[in-house]
Amino acid sequence: MNYMVRPLTDEDVPFMWDMLYESMYVPVGQEPFSRDILQEPSIAKYAEHWGRPGDIGWIAVTEAGERMGTITARIFPEDNHGYGFVGADIPEMGMALRSAYRGQGVGTALIQALFDELHRSGYTRVSLSVDPNNTAAVKLYRRFGFEEVGMVDTSVTMVAKVRPQGATD
């Protein structure tokens, strides 16, 4: 499968909202969340007013132009932080892929693109929040060096050192 990973544009923002919804883990057999959850301030903060200083985002797109998934990093202040918050100077990552494109290396490509850009931007660490039952995501994140540092509600907070492609520690 041929695809490319490129920076998010203003035209991609509606799809980024779709991927924010897709990123909410629902165990097999349970009802999905209502899309109204995207209006909850604790969720909306991940996408609203996208493009503010410091926002970093990438999208994977097929040769035919079909959007496959997104990855974002955003800084949150301590008084309005996200679920994966560990510090006001550490961006929080969010990622989701359409189900048809999972398990094919697209997530790996998105994370590497984000890590490269975070490195260029001077960041040394990145955090995220993930449901521990989302084993495929946890396995992928561990491959990039993410380690558990805490829990918020039912989600694990993980942090990794930002390593550009080809870097070894």
# chains A, B, ... in the order shown; residues from 1 in each chain; ligands from 1

$ residues_around --residues "Trp17 in chain A" --least-positions-apart "5" --cutoff "9 Å" --atoms "only C-alpha atoms" --output "list in words"
Asp12, Glu22, Leu38, Ala44, Tyr46, Ala47 and Glu48 of chain A

$ residues_around --residues "Glu92 in chain A" --least-positions-apart "5" --cutoff "7 Å" --atoms "only C-alpha atoms" --output "list of chain:residue names"
A:Ala73, A:Arg74, A:Ile75, A:Gly84, A:Phe85, A:Val126, A:Ser127, A:Leu128

$ closest_atom_pairs --of "range 78-102 of chain A" --to "range 106-124 of chain A" --cutoff "9 Å" --atoms "only C-alpha atoms" --output "JSON lines"
{"residue": "A:Asp89", "atom": "CA", "partner": "A:Tyr123", "partner_atom": "CA", "distance": 8.2}
{"residue": "A:Ile90", "atom": "CA", "partner": "A:Tyr123", "partner_atom": "CA", "distance": 7.2}
{"residue": "A:Pro91", "atom": "CA", "partner": "A:Tyr123", "partner_atom": "CA", "distance": 8.0}
{"residue": "A:Met93", "atom": "CA", "partner": "A:Leu114", "partner_atom": "CA", "distance": 8.8}
{"residue": "A:Met95", "atom": "CA", "partner": "A:Gly107", "partner_atom": "CA", "distance": 8.0}
{"residue": "A:Ala96", "atom": "CA", "partner": "A:Gly107", "partner_atom": "CA", "distance": 8.0}
{"residue": "A:Leu97", "atom": "CA", "partner": "A:Gly107", "partner_atom": "CA", "distance": 7.2}
{"residue": "A:Tyr101", "atom": "CA", "partner": "A:Val106", "partner_atom": "CA", "distance": 7.0}
{"residue": "A:Arg102", "atom": "CA", "partner": "A:Val106", "partner_atom": "CA", "distance": 7.0}

$ write_last_selection --atoms "all heavy atoms" --output "PDB file, in the first residue's frame"
ATOM      1  N   ASP A  89       5.772  21.986  29.639  1.00  0.00           N
ATOM      2  CA  ASP A  89       6.776  22.072  28.575  1.00  0.00           C
ATOM      3  C   ASP A  89       6.895  20.767  27.789  1.00  0.00           C
ATOM      4  O   ASP A  89       7.788  20.615  26.954  1.00  0.00           O
ATOM      5  CB  ASP A  89       8.134  22.440  29.162  1.00  0.00           C
ATOM      6  CG  ASP A  89       8.634  21.419  30.185  1.00  0.00           C
ATOM      7  OD1 ASP A  89       7.799  20.664  30.733  1.00  0.00           O
ATOM      8  OD2 ASP A  89       9.848  21.390  30.440  1.00  0.00           O
ATOM      9  N   ILE A  90       5.988  19.831  28.040  1.00  0.00           N
ATOM     10  CA  ILE A  90       6.027  18.534  27.354  1.00  0.00           C
ATOM     11  C   ILE A  90       4.749  18.370  26.538  1.00  0.00           C
ATOM     12  O   ILE A  90       3.654  18.321  27.097  1.00  0.00           O
ATOM     13  CB  ILE A  90       6.168  17.375  28.364  1.00  0.00           C
ATOM     14  CG1 ILE A  90       7.481  17.535  29.136  1.00  0.00           C
ATOM     15  CG2 ILE A  90       6.107  16.023  27.657  1.00  0.00           C
ATOM     16  CD1 ILE A  90       7.636  16.573  30.285  1.00  0.00           C
ATOM     17  N   PRO A  91       4.858  18.309  25.199  1.00  0.00           N
ATOM     18  CA  PRO A  91       3.655  18.151  24.386  1.00  0.00           C
ATOM     19  C   PRO A  91       2.963  16.814  24.628  1.00  0.00           C
ATOM     20  O   PRO A  91       3.620  15.815  24.923  1.00  0.00           O
ATOM     21  CB  PRO A  91       4.158  18.253  22.951  1.00  0.00           C
ATOM     22  CG  PRO A  91       5.623  18.234  23.001  1.00  0.00           C
ATOM     23  CD  PRO A  91       6.070  18.360  24.409  1.00  0.00           C
ATOM     24  N   MET A  93       0.695  13.901  22.987  1.00  0.00           N
ATOM     25  CA  MET A  93       0.438  13.290  21.685  1.00  0.00           C
ATOM     26  C   MET A  93      -0.950  12.655  21.650  1.00  0.00           C
ATOM     27  O   MET A  93      -1.410  12.097  22.631  1.00  0.00           O
ATOM     28  CB  MET A  93       1.501  12.215  21.444  1.00  0.00           C
ATOM     29  CG  MET A  93       1.392  11.481  20.131  1.00  0.00           C
ATOM     30  SD  MET A  93       2.706  10.235  20.030  1.00  0.00           S
ATOM     31  CE  MET A  93       1.714   8.756  20.100  1.00  0.00           C
ATOM     32  N   MET A  95      -3.236  10.208  18.691  1.00  0.00           N
ATOM     33  CA  MET A  95      -3.130   9.534  17.408  1.00  0.00           C
ATOM     34  C   MET A  95      -4.325   8.618  17.200  1.00  0.00           C
ATOM     35  O   MET A  95      -4.831   8.025  18.148  1.00  0.00           O
ATOM     36  CB  MET A  95      -1.848   8.699  17.343  1.00  0.00           C
ATOM     37  CG  MET A  95      -1.654   8.012  15.995  1.00  0.00           C
ATOM     38  SD  MET A  95      -0.073   7.152  15.860  1.00  0.00           S
ATOM     39  CE  MET A  95      -0.485   5.611  16.615  1.00  0.00           C
ATOM     40  N   ALA A  96      -4.751   8.510  15.944  1.00  0.00           N
ATOM     41  CA  ALA A  96      -5.792   7.542  15.594  1.00  0.00           C
ATOM     42  C   ALA A  96      -5.681   7.215  14.114  1.00  0.00           C
ATOM     43  O   ALA A  96      -5.279   8.047  13.300  1.00  0.00           O
ATOM     44  CB  ALA A  96      -7.182   8.084  15.900  1.00  0.00           C
ATOM     45  N   LEU A  97      -6.054   5.982  13.798  1.00  0.00           N
ATOM     46  CA  LEU A  97      -6.099   5.512  12.413  1.00  0.00           C
ATOM     47  C   LEU A  97      -7.476   4.940  12.146  1.00  0.00           C
ATOM     48  O   LEU A  97      -8.079   4.327  13.036  1.00  0.00           O
ATOM     49  CB  LEU A  97      -5.081   4.392  12.179  1.00  0.00           C
ATOM     50  CG  LEU A  97      -3.617   4.715  12.317  1.00  0.00           C
ATOM     51  CD1 LEU A  97      -2.802   3.435  12.214  1.00  0.00           C
ATOM     52  CD2 LEU A  97      -3.190   5.693  11.252  1.00  0.00           C
ATOM     53  N   TYR A 101      -6.766   0.651   8.268  1.00  0.00           N
ATOM     54  CA  TYR A 101      -5.341   0.899   8.051  1.00  0.00           C
ATOM     55  C   TYR A 101      -4.472   0.527   9.245  1.00  0.00           C
ATOM     56  O   TYR A 101      -3.268   0.759   9.242  1.00  0.00           O
ATOM     57  CB  TYR A 101      -5.113   2.368   7.685  1.00  0.00           C
ATOM     58  CG  TYR A 101      -5.821   2.745   6.409  1.00  0.00           C
ATOM     59  CD1 TYR A 101      -6.894   3.627   6.425  1.00  0.00           C
ATOM     60  CD2 TYR A 101      -5.452   2.188   5.196  1.00  0.00           C
ATOM     61  CE1 TYR A 101      -7.559   3.955   5.256  1.00  0.00           C
ATOM     62  CE2 TYR A 101      -6.112   2.507   4.022  1.00  0.00           C
ATOM     63  CZ  TYR A 101      -7.157   3.398   4.059  1.00  0.00           C
ATOM     64  OH  TYR A 101      -7.819   3.722   2.907  1.00  0.00           O
ATOM     65  N   ARG A 102      -5.058  -0.092  10.236  1.00  0.00           N
ATOM     66  CA  ARG A 102      -4.282  -0.476  11.421  1.00  0.00           C
ATOM     67  C   ARG A 102      -3.465  -1.737  11.137  1.00  0.00           C
ATOM     68  O   ARG A 102      -3.845  -2.565  10.327  1.00  0.00           O
ATOM     69  CB  ARG A 102      -5.219  -0.706  12.599  1.00  0.00           C
ATOM     70  CG  ARG A 102      -5.896   0.580  13.034  1.00  0.00           C
ATOM     71  CD  ARG A 102      -6.863   0.368  14.166  1.00  0.00           C
ATOM     72  NE  ARG A 102      -7.618   1.609  14.387  1.00  0.00           N
ATOM     73  CZ  ARG A 102      -8.809   1.669  14.923  1.00  0.00           C
ATOM     74  NH1 ARG A 102      -9.418   0.557  15.322  1.00  0.00           N
ATOM     75  NH2 ARG A 102      -9.413   2.821  15.077  1.00  0.00           N
TER      76      ARG A 102
END

$ atom_distance --atom1 "CA of Ser42 in chain A" --atom2 "CA of Phe144 in chain A"
26.2 Å

$ closest_residue --among "A:Glu78, A:Lys139, A:Glu148, A:Gly69" --to "Ala100 in chain A" --atoms "only C-alpha atoms"
A:Gly69
